[in-house]
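So this one's data.cif, mmCIF, N, CA, C and O atoms:
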data_input
#
loop_
_atom_site.label_atom_id
_atom_site.label_comp_id
_atom_site.auth_asym_id
_atom_site.auth_seq_id
_atom_site.Cartn_x
_atom_site.Cartn_y
_atom_site.Cartn_z
N MET H 1 -4.40 3.27 -1.70
CA MET H 1 -3.77 2.00 -1.44
C MET H 1 -4.84 0.92 -1.55
O MET H 1 -5.92 1.06 -1.00
N SER H 2 -4.53 -0.13 -2.27
CA SER H 2 -5.44 -1.26 -2.39
C SER H 2 -5.57 -1.97 -1.05
O SER H 2 -4.63 -1.93 -0.24
N PRO H 3 -6.70 -2.65 -0.81
CA PRO H 3 -6.83 -3.41 0.43
C PRO H 3 -5.66 -4.38 0.59
O PRO H 3 -5.27 -5.04 -0.36
N GLY H 4 -5.09 -4.43 1.75
CA GLY H 4 -3.96 -5.31 2.00
C GLY H 4 -2.63 -4.74 1.58
O GLY H 4 -1.59 -5.35 1.77
N GLY H 5 -2.63 -3.54 0.97
CA GLY H 5 -1.39 -2.90 0.58
C GLY H 5 -0.70 -3.52 -0.61
O GLY H 5 0.51 -3.47 -0.75
N HIS H 6 -1.47 -4.13 -1.52
CA HIS H 6 -0.88 -4.83 -2.66
C HIS H 6 -0.83 -4.01 -3.93
O HIS H 6 -0.53 -4.52 -5.00
N GLY H 7 -1.13 -2.74 -3.88
CA GLY H 7 -1.08 -1.88 -5.05
C GLY H 7 -1.77 -0.57 -4.78
O GLY H 7 -2.08 -0.23 -3.64
N ILE H 8 -2.03 0.16 -5.86
CA ILE H 8 -2.71 1.45 -5.78
C ILE H 8 -3.92 1.40 -6.69
O ILE H 8 -3.86 0.85 -7.79
N GLU H 9 -5.05 1.96 -6.25
CA GLU H 9 -6.27 1.99 -7.03
C GLU H 9 -6.74 3.43 -7.21
O GLU H 9 -6.55 4.25 -6.33
N TRP H 10 -7.34 3.69 -8.35
CA TRP H 10 -8.04 4.95 -8.60
C TRP H 10 -9.48 4.55 -8.87
O TRP H 10 -9.77 3.95 -9.91
N GLY H 11 -10.38 4.85 -7.93
CA GLY H 11 -11.75 4.36 -8.06
C GLY H 11 -11.71 2.84 -7.95
O GLY H 11 -10.88 2.26 -7.27
N SER H 12 -12.59 2.17 -8.66
CA SER H 12 -12.58 0.71 -8.61
C SER H 12 -12.23 0.11 -9.97
O SER H 12 -12.20 -1.09 -10.12
N SER H 13 -11.95 0.94 -10.96
CA SER H 13 -11.74 0.40 -12.30
C SER H 13 -10.29 0.35 -12.74
O SER H 13 -9.95 -0.39 -13.64
N ALA H 14 -9.40 1.10 -12.12
CA ALA H 14 -8.00 1.12 -12.53
C ALA H 14 -7.11 0.82 -11.35
O ALA H 14 -7.29 1.37 -10.28
N SER H 15 -6.16 -0.07 -11.54
CA SER H 15 -5.25 -0.39 -10.45
C SER H 15 -3.88 -0.74 -11.01
O SER H 15 -3.74 -1.10 -12.18
N ILE H 16 -2.87 -0.62 -10.17
CA ILE H 16 -1.50 -0.99 -10.50
C ILE H 16 -1.03 -1.94 -9.40
O ILE H 16 -1.12 -1.61 -8.21
N SER H 17 -0.54 -3.10 -9.77
CA SER H 17 -0.08 -4.07 -8.77
C SER H 17 1.22 -3.61 -8.14
O SER H 17 1.98 -2.83 -8.72
N ALA H 18 1.50 -4.12 -6.96
CA ALA H 18 2.75 -3.79 -6.27
C ALA H 18 3.95 -4.22 -7.10
O ALA H 18 4.95 -3.51 -7.19
N GLU H 19 3.86 -5.39 -7.75
CA GLU H 19 4.97 -5.89 -8.56
C GLU H 19 5.29 -4.93 -9.71
O GLU H 19 6.44 -4.64 -9.99
N GLU H 20 4.25 -4.43 -10.38
CA GLU H 20 4.45 -3.49 -11.48
C GLU H 20 5.05 -2.18 -10.97
O GLU H 20 5.92 -1.59 -11.62
N LEU H 21 4.60 -1.75 -9.81
CA LEU H 21 5.17 -0.53 -9.24
C LEU H 21 6.66 -0.70 -8.96
O LEU H 21 7.46 0.19 -9.25
N TYR H 22 7.05 -1.84 -8.39
CA TYR H 22 8.45 -2.08 -8.09
C TYR H 22 9.29 -2.15 -9.37
O TYR H 22 10.42 -1.67 -9.41
N GLU H 23 8.74 -2.78 -10.42
CA GLU H 23 9.47 -2.92 -11.68
C GLU H 23 9.73 -1.57 -12.34
O GLU H 23 10.78 -1.34 -12.91
N LYS H 24 8.77 -0.66 -12.28
CA LYS H 24 8.83 0.58 -13.04
C LYS H 24 9.04 1.82 -12.19
O LYS H 24 8.94 2.92 -12.69
N CYS H 25 9.34 1.63 -10.93
CA CYS H 25 9.38 2.78 -10.03
C CYS H 25 10.72 3.51 -10.03
O CYS H 25 11.74 2.96 -10.43
N ASN H 26 10.66 4.72 -9.61
CA ASN H 26 11.83 5.51 -9.25
C ASN H 26 11.69 5.80 -7.78
O ASN H 26 10.65 6.24 -7.32
N GLU H 27 12.74 5.54 -7.04
CA GLU H 27 12.68 5.77 -5.60
C GLU H 27 12.63 7.27 -5.32
O GLU H 27 13.35 8.05 -5.93
N ILE H 28 11.73 7.63 -4.43
CA ILE H 28 11.63 9.03 -4.03
C ILE H 28 11.72 9.09 -2.51
O ILE H 28 11.40 8.13 -1.82
N ASN H 29 12.19 10.18 -2.03
CA ASN H 29 12.26 10.38 -0.59
C ASN H 29 10.98 11.06 -0.12
O ASN H 29 10.61 12.10 -0.64
N ILE H 30 10.35 10.43 0.83
CA ILE H 30 9.15 11.01 1.43
C ILE H 30 9.47 11.27 2.90
O ILE H 30 9.90 10.36 3.61
N SER H 31 9.25 12.46 3.31
CA SER H 31 9.57 12.82 4.69
C SER H 31 8.48 12.35 5.64
O SER H 31 7.34 12.09 5.25
N PHE H 32 8.84 12.28 6.89
CA PHE H 32 7.87 11.96 7.93
C PHE H 32 6.73 12.97 7.90
O PHE H 32 5.57 12.60 8.06
N GLU H 33 7.06 14.23 7.68
CA GLU H 33 6.05 15.29 7.65
C GLU H 33 5.05 15.06 6.51
O GLU H 33 3.86 15.30 6.66
N ASP H 34 5.54 14.59 5.35
CA ASP H 34 4.66 14.29 4.22
C ASP H 34 3.68 13.17 4.57
O ASP H 34 2.49 13.25 4.29
N ILE H 35 4.21 12.13 5.20
CA ILE H 35 3.36 11.00 5.58
C ILE H 35 2.36 11.43 6.64
O ILE H 35 1.17 11.10 6.57
N ALA H 36 2.82 12.18 7.61
CA ALA H 36 1.93 12.66 8.68
C ALA H 36 0.82 13.53 8.10
O ALA H 36 -0.35 13.41 8.50
N CYS H 37 1.16 14.40 7.15
CA CYS H 37 0.15 15.26 6.52
C CYS H 37 -0.87 14.42 5.76
O CYS H 37 -2.08 14.65 5.86
N PHE H 38 -0.39 13.43 5.00
CA PHE H 38 -1.30 12.55 4.26
C PHE H 38 -2.25 11.85 5.23
O PHE H 38 -3.47 11.86 5.03
N LEU H 39 -1.71 11.25 6.27
CA LEU H 39 -2.55 10.52 7.23
C LEU H 39 -3.53 11.45 7.92
O LEU H 39 -4.70 11.10 8.10
N ASN H 40 -3.08 12.63 8.30
CA ASN H 40 -3.95 13.59 8.98
C ASN H 40 -5.12 14.02 8.11
O ASN H 40 -6.22 14.24 8.61
N ASN H 41 -4.90 14.12 6.81
CA ASN H 41 -5.95 14.58 5.90
C ASN H 41 -6.78 13.45 5.29
O ASN H 41 -7.89 13.71 4.82
N ARG H 42 -6.29 12.24 5.28
CA ARG H 42 -6.96 11.17 4.55
C ARG H 42 -7.44 10.00 5.39
O ARG H 42 -8.21 9.18 4.93
N VAL H 43 -6.96 9.88 6.62
CA VAL H 43 -7.38 8.77 7.48
C VAL H 43 -8.25 9.35 8.59
O VAL H 43 -7.88 10.32 9.23
N ILE H 44 -9.43 8.74 8.78
CA ILE H 44 -10.35 9.23 9.80
C ILE H 44 -10.78 8.07 10.70
O ILE H 44 -10.73 6.90 10.30
N ASP H 45 -11.19 8.41 11.91
CA ASP H 45 -11.62 7.39 12.85
C ASP H 45 -13.15 7.29 12.86
O ASP H 45 -13.85 8.02 12.16
N THR H 46 -13.64 6.38 13.68
CA THR H 46 -15.08 6.12 13.74
C THR H 46 -15.86 7.39 14.09
O THR H 46 -16.92 7.65 13.51
N SER H 47 -15.35 8.19 15.02
CA SER H 47 -16.05 9.42 15.41
C SER H 47 -16.21 10.37 14.23
O SER H 47 -17.26 10.99 14.05
N GLU H 48 -15.15 10.49 13.43
CA GLU H 48 -15.23 11.37 12.26
C GLU H 48 -16.19 10.82 11.21
O GLU H 48 -16.87 11.58 10.52
N VAL H 49 -16.26 9.50 11.09
CA VAL H 49 -17.22 8.89 10.16
C VAL H 49 -18.64 9.22 10.59
O VAL H 49 -19.48 9.56 9.76
N THR H 50 -18.91 9.16 11.90
CA THR H 50 -20.27 9.47 12.36
C THR H 50 -20.65 10.90 12.01
O THR H 50 -21.79 11.16 11.63
N LYS H 51 -19.68 11.82 12.09
CA LYS H 51 -19.96 13.22 11.74
C LYS H 51 -20.20 13.37 10.24
O LYS H 51 -21.12 14.09 9.82
N LEU H 52 -19.38 12.71 9.42
CA LEU H 52 -19.55 12.81 7.97
C LEU H 52 -20.89 12.23 7.51
O LEU H 52 -21.55 12.78 6.64
N LEU H 53 -21.25 11.08 8.09
CA LEU H 53 -22.48 10.41 7.67
C LEU H 53 -23.71 10.87 8.46
O LEU H 53 -24.83 10.55 8.08
N GLY H 54 -23.49 11.60 9.55
CA GLY H 54 -24.61 12.04 10.37
C GLY H 54 -25.33 10.87 11.02
O GLY H 54 -26.57 10.79 10.97
N CYS H 55 -24.55 9.95 11.60
CA CYS H 55 -25.14 8.74 12.17
C CYS H 55 -24.45 8.39 13.49
O CYS H 55 -23.57 9.11 13.95
N THR H 56 -24.85 7.28 14.07
CA THR H 56 -24.29 6.83 15.34
C THR H 56 -23.13 5.87 15.11
O THR H 56 -22.97 5.31 14.03
N ARG H 57 -22.35 5.66 16.17
CA ARG H 57 -21.26 4.66 16.12
C ARG H 57 -21.83 3.27 15.86
O ARG H 57 -21.23 2.46 15.15
N GLN H 58 -22.99 3.01 16.44
CA GLN H 58 -23.63 1.71 16.25
C GLN H 58 -23.93 1.49 14.77
O GLN H 58 -23.73 0.39 14.25
N TYR H 59 -24.40 2.53 14.08
CA TYR H 59 -24.71 2.39 12.66
C TYR H 59 -23.43 2.20 11.84
O TYR H 59 -23.40 1.41 10.90
N VAL H 60 -22.35 2.89 12.23
CA VAL H 60 -21.07 2.70 11.54
C VAL H 60 -20.63 1.25 11.70
O VAL H 60 -20.21 0.60 10.73
N ASN H 61 -20.74 0.70 12.92
CA ASN H 61 -20.39 -0.71 13.15
C ASN H 61 -21.26 -1.64 12.32
O ASN H 61 -20.79 -2.65 11.79
N GLN H 62 -22.53 -1.29 12.17
CA GLN H 62 -23.44 -2.09 11.34
C GLN H 62 -22.98 -2.06 9.87
O GLN H 62 -22.96 -3.09 9.21
N LEU H 63 -22.58 -0.89 9.37
CA LEU H 63 -22.09 -0.77 7.99
C LEU H 63 -20.84 -1.60 7.79
O LEU H 63 -20.66 -2.25 6.75
N VAL H 64 -19.96 -1.61 8.80
CA VAL H 64 -18.74 -2.44 8.73
C VAL H 64 -19.12 -3.91 8.69
O VAL H 64 -18.62 -4.67 7.85
N ASN H 65 -20.01 -4.34 9.58
CA ASN H 65 -20.43 -5.74 9.63
C ASN H 65 -21.11 -6.20 8.34
O ASN H 65 -21.04 -7.37 7.98
N GLN H 66 -21.77 -5.26 7.65
CA GLN H 66 -22.43 -5.58 6.38
C GLN H 66 -21.50 -5.40 5.18
O GLN H 66 -21.92 -5.51 4.04
N ASN H 67 -20.22 -5.12 5.46
CA ASN H 67 -19.21 -4.88 4.41
C ASN H 67 -19.57 -3.73 3.48
O ASN H 67 -19.16 -3.73 2.32
N LYS H 68 -20.32 -2.76 3.98
CA LYS H 68 -20.66 -1.58 3.18
C LYS H 68 -19.55 -0.53 3.26
O LYS H 68 -19.38 0.26 2.35
N ILE H 69 -18.83 -0.51 4.37
CA ILE H 69 -17.61 0.29 4.49
C ILE H 69 -16.56 -0.61 5.12
O ILE H 69 -16.88 -1.52 5.89
N LYS H 70 -15.30 -0.36 4.76
CA LYS H 70 -14.23 -1.24 5.24
C LYS H 70 -13.16 -0.42 5.94
O LYS H 70 -12.56 0.47 5.34
N PRO H 71 -12.92 -0.74 7.21
CA PRO H 71 -11.85 -0.05 7.92
C PRO H 71 -10.49 -0.49 7.41
O PRO H 71 -10.33 -1.63 6.95
N ILE H 72 -9.51 0.40 7.49
CA ILE H 72 -8.14 0.02 7.15
C ILE H 72 -7.41 -0.51 8.36
O ILE H 72 -6.40 -1.18 8.24
N LYS H 73 -7.94 -0.21 9.56
CA LYS H 73 -7.41 -0.76 10.79
C LYS H 73 -8.55 -0.89 11.79
O LYS H 73 -9.32 0.05 11.97
N VAL H 74 -8.64 -2.06 12.40
CA VAL H 74 -9.69 -2.33 13.37
C VAL H 74 -9.10 -2.29 14.76
O VAL H 74 -8.08 -2.93 15.03
N GLY H 75 -9.73 -1.51 15.63
CA GLY H 75 -9.31 -1.44 17.03
C GLY H 75 -10.41 -1.95 17.93
O GLY H 75 -11.53 -2.23 17.48
N SER H 76 -10.12 -2.06 19.21
CA SER H 76 -11.13 -2.58 20.13
C SER H 76 -12.29 -1.61 20.31
O SER H 76 -13.44 -2.02 20.44
N ASN H 77 -12.02 -0.30 20.30
CA ASN H 77 -13.07 0.70 20.47
C ASN H 77 -13.19 1.66 19.31
O ASN H 77 -14.08 2.50 19.28
N ASN H 78 -12.27 1.58 18.36
CA ASN H 78 -12.22 2.58 17.30
C ASN H 78 -11.59 1.97 16.06
O ASN H 78 -10.63 1.21 16.15
N ASN H 79 -12.14 2.27 14.91
CA ASN H 79 -11.59 1.83 13.63
C ASN H 79 -11.07 3.03 12.87
O ASN H 79 -11.47 4.16 13.11
N LEU H 80 -10.17 2.77 11.93
CA LEU H 80 -9.66 3.81 11.04
C LEU H 80 -10.14 3.52 9.62
O LEU H 80 -10.17 2.36 9.19
N PHE H 81 -10.49 4.58 8.90
CA PHE H 81 -11.02 4.47 7.55
C PHE H 81 -10.32 5.47 6.64
O PHE H 81 -9.84 6.50 7.11
N MET H 82 -10.30 5.19 5.36
CA MET H 82 -9.85 6.17 4.39
C MET H 82 -11.00 7.14 4.14
O MET H 82 -12.12 6.71 3.84
N ARG H 83 -10.74 8.43 4.30
CA ARG H 83 -11.78 9.46 4.12
C ARG H 83 -12.45 9.32 2.75
O ARG H 83 -13.67 9.41 2.63
N GLY H 84 -11.67 9.09 1.72
CA GLY H 84 -12.21 8.96 0.37
C GLY H 84 -13.21 7.84 0.23
O GLY H 84 -14.19 7.97 -0.50
N ASP H 85 -12.97 6.72 0.93
CA ASP H 85 -13.92 5.60 0.87
C ASP H 85 -15.27 6.00 1.48
O ASP H 85 -16.32 5.64 0.96
N ILE H 86 -15.23 6.73 2.57
CA ILE H 86 -16.47 7.14 3.23
C ILE H 86 -17.17 8.20 2.40
O ILE H 86 -18.39 8.14 2.17
N GLU H 87 -16.42 9.18 1.88
CA GLU H 87 -17.02 10.23 1.04
C GLU H 87 -17.60 9.63 -0.23
O GLU H 87 -18.66 10.07 -0.70
N GLU H 88 -16.95 8.62 -0.78
CA GLU H 88 -17.47 7.94 -1.98
C GLU H 88 -18.81 7.27 -1.69
O GLU H 88 -19.71 7.29 -2.52
N ASP H 89 -18.94 6.67 -0.51
CA ASP H 89 -20.18 6.01 -0.12
C ASP H 89 -21.31 7.00 0.09
O ASP H 89 -22.49 6.63 0.05
N MET H 90 -20.97 8.27 0.34
CA MET H 90 -21.99 9.29 0.58
C MET H 90 -22.68 9.71 -0.73
O MET H 90 -23.78 10.24 -0.70
N ILE H 91 -22.03 9.49 -1.86
CA ILE H 91 -22.55 9.95 -3.15
C ILE H 91 -23.66 9.04 -3.63
O ILE H 91 -23.79 7.94 -3.39
#

Now, as a test, write the supplied structure out as structure tokens.
Amino acid sequence: MSPGGHGIEWGSSASISAEELYEKCNEINISFEDIACFLNNRVIDTSEVTKLLGCTRQYVNQLVNQNKIKPIKVGSNNNLFMRGDIEEDMI
């Protein structure tokens, strides 16, 4: 999902806008279980980021403040990230 939910991206070079998706889409039924499985496997919190990167929460916050990683949801004590974004930054 593109930042802000305005489309879909594959890497940083190819994207499809939300408008194009709506124009050319076929409606599909996605179950709650499908969405839950996707979120469980692809969305991680700050604690999981620290484990993946082998760093502290303070360093994760520093990376966010420097715009080196971007949370998809910001909380008062915990942020949520796309696992793929963090794994991509590890390479």

Q) What is the distance, in Å and to one decimal place, between atom O of Val64 (chain H) and CA of Val43 (chain H)? A) 17.5 Å

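Every residue of chain H with a DSSP assignment of strand (DSSP E or B), taken from the backbone, is listed as Gly7, Ile8, Glu9, Trp10, Ala14, Ser15, Ile16, Ser17, Val43, Ile44, Asp45, Lys73, Val74, Asn79, Leu80, Phe81 and Met82 of chain H.
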
Q) Selected by the PyMOL selection byres (((chain H and resi 66-70 and name CA) around 10) and name CA) in the shown coordinates: which residues, as a count of residues only? A) 18

(Q) Between atom N of Gln58 (chain H) and CA of Asn77 (chain H), what is the distance in Å, rounded to a tenth? (A)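 If I compute the distance from atom N of Gln58 (chain H) to CA of Asn77 (chain H), I get 11.0 Å.
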
Q.
What's the separation between atom N of Cys55 (chain H) and atom O of Glu33 (chain H), in Å to one decimal place?
A. 29.3 Å

Q: Determine the nearest neighbour of Gly84 (chain H) from the options H:Leu53, H:Ile44, H:Ala18, H:Ile35, counting only C-alpha atoms.
A: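 So, comparing all the options, the nearest one is H:Ile44.
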
Q | alpha helix (DSSP H) positions in chain H, given as a ChimeraX atom specification | A | /H:18-24,32-42,46-53,57-65,83-90
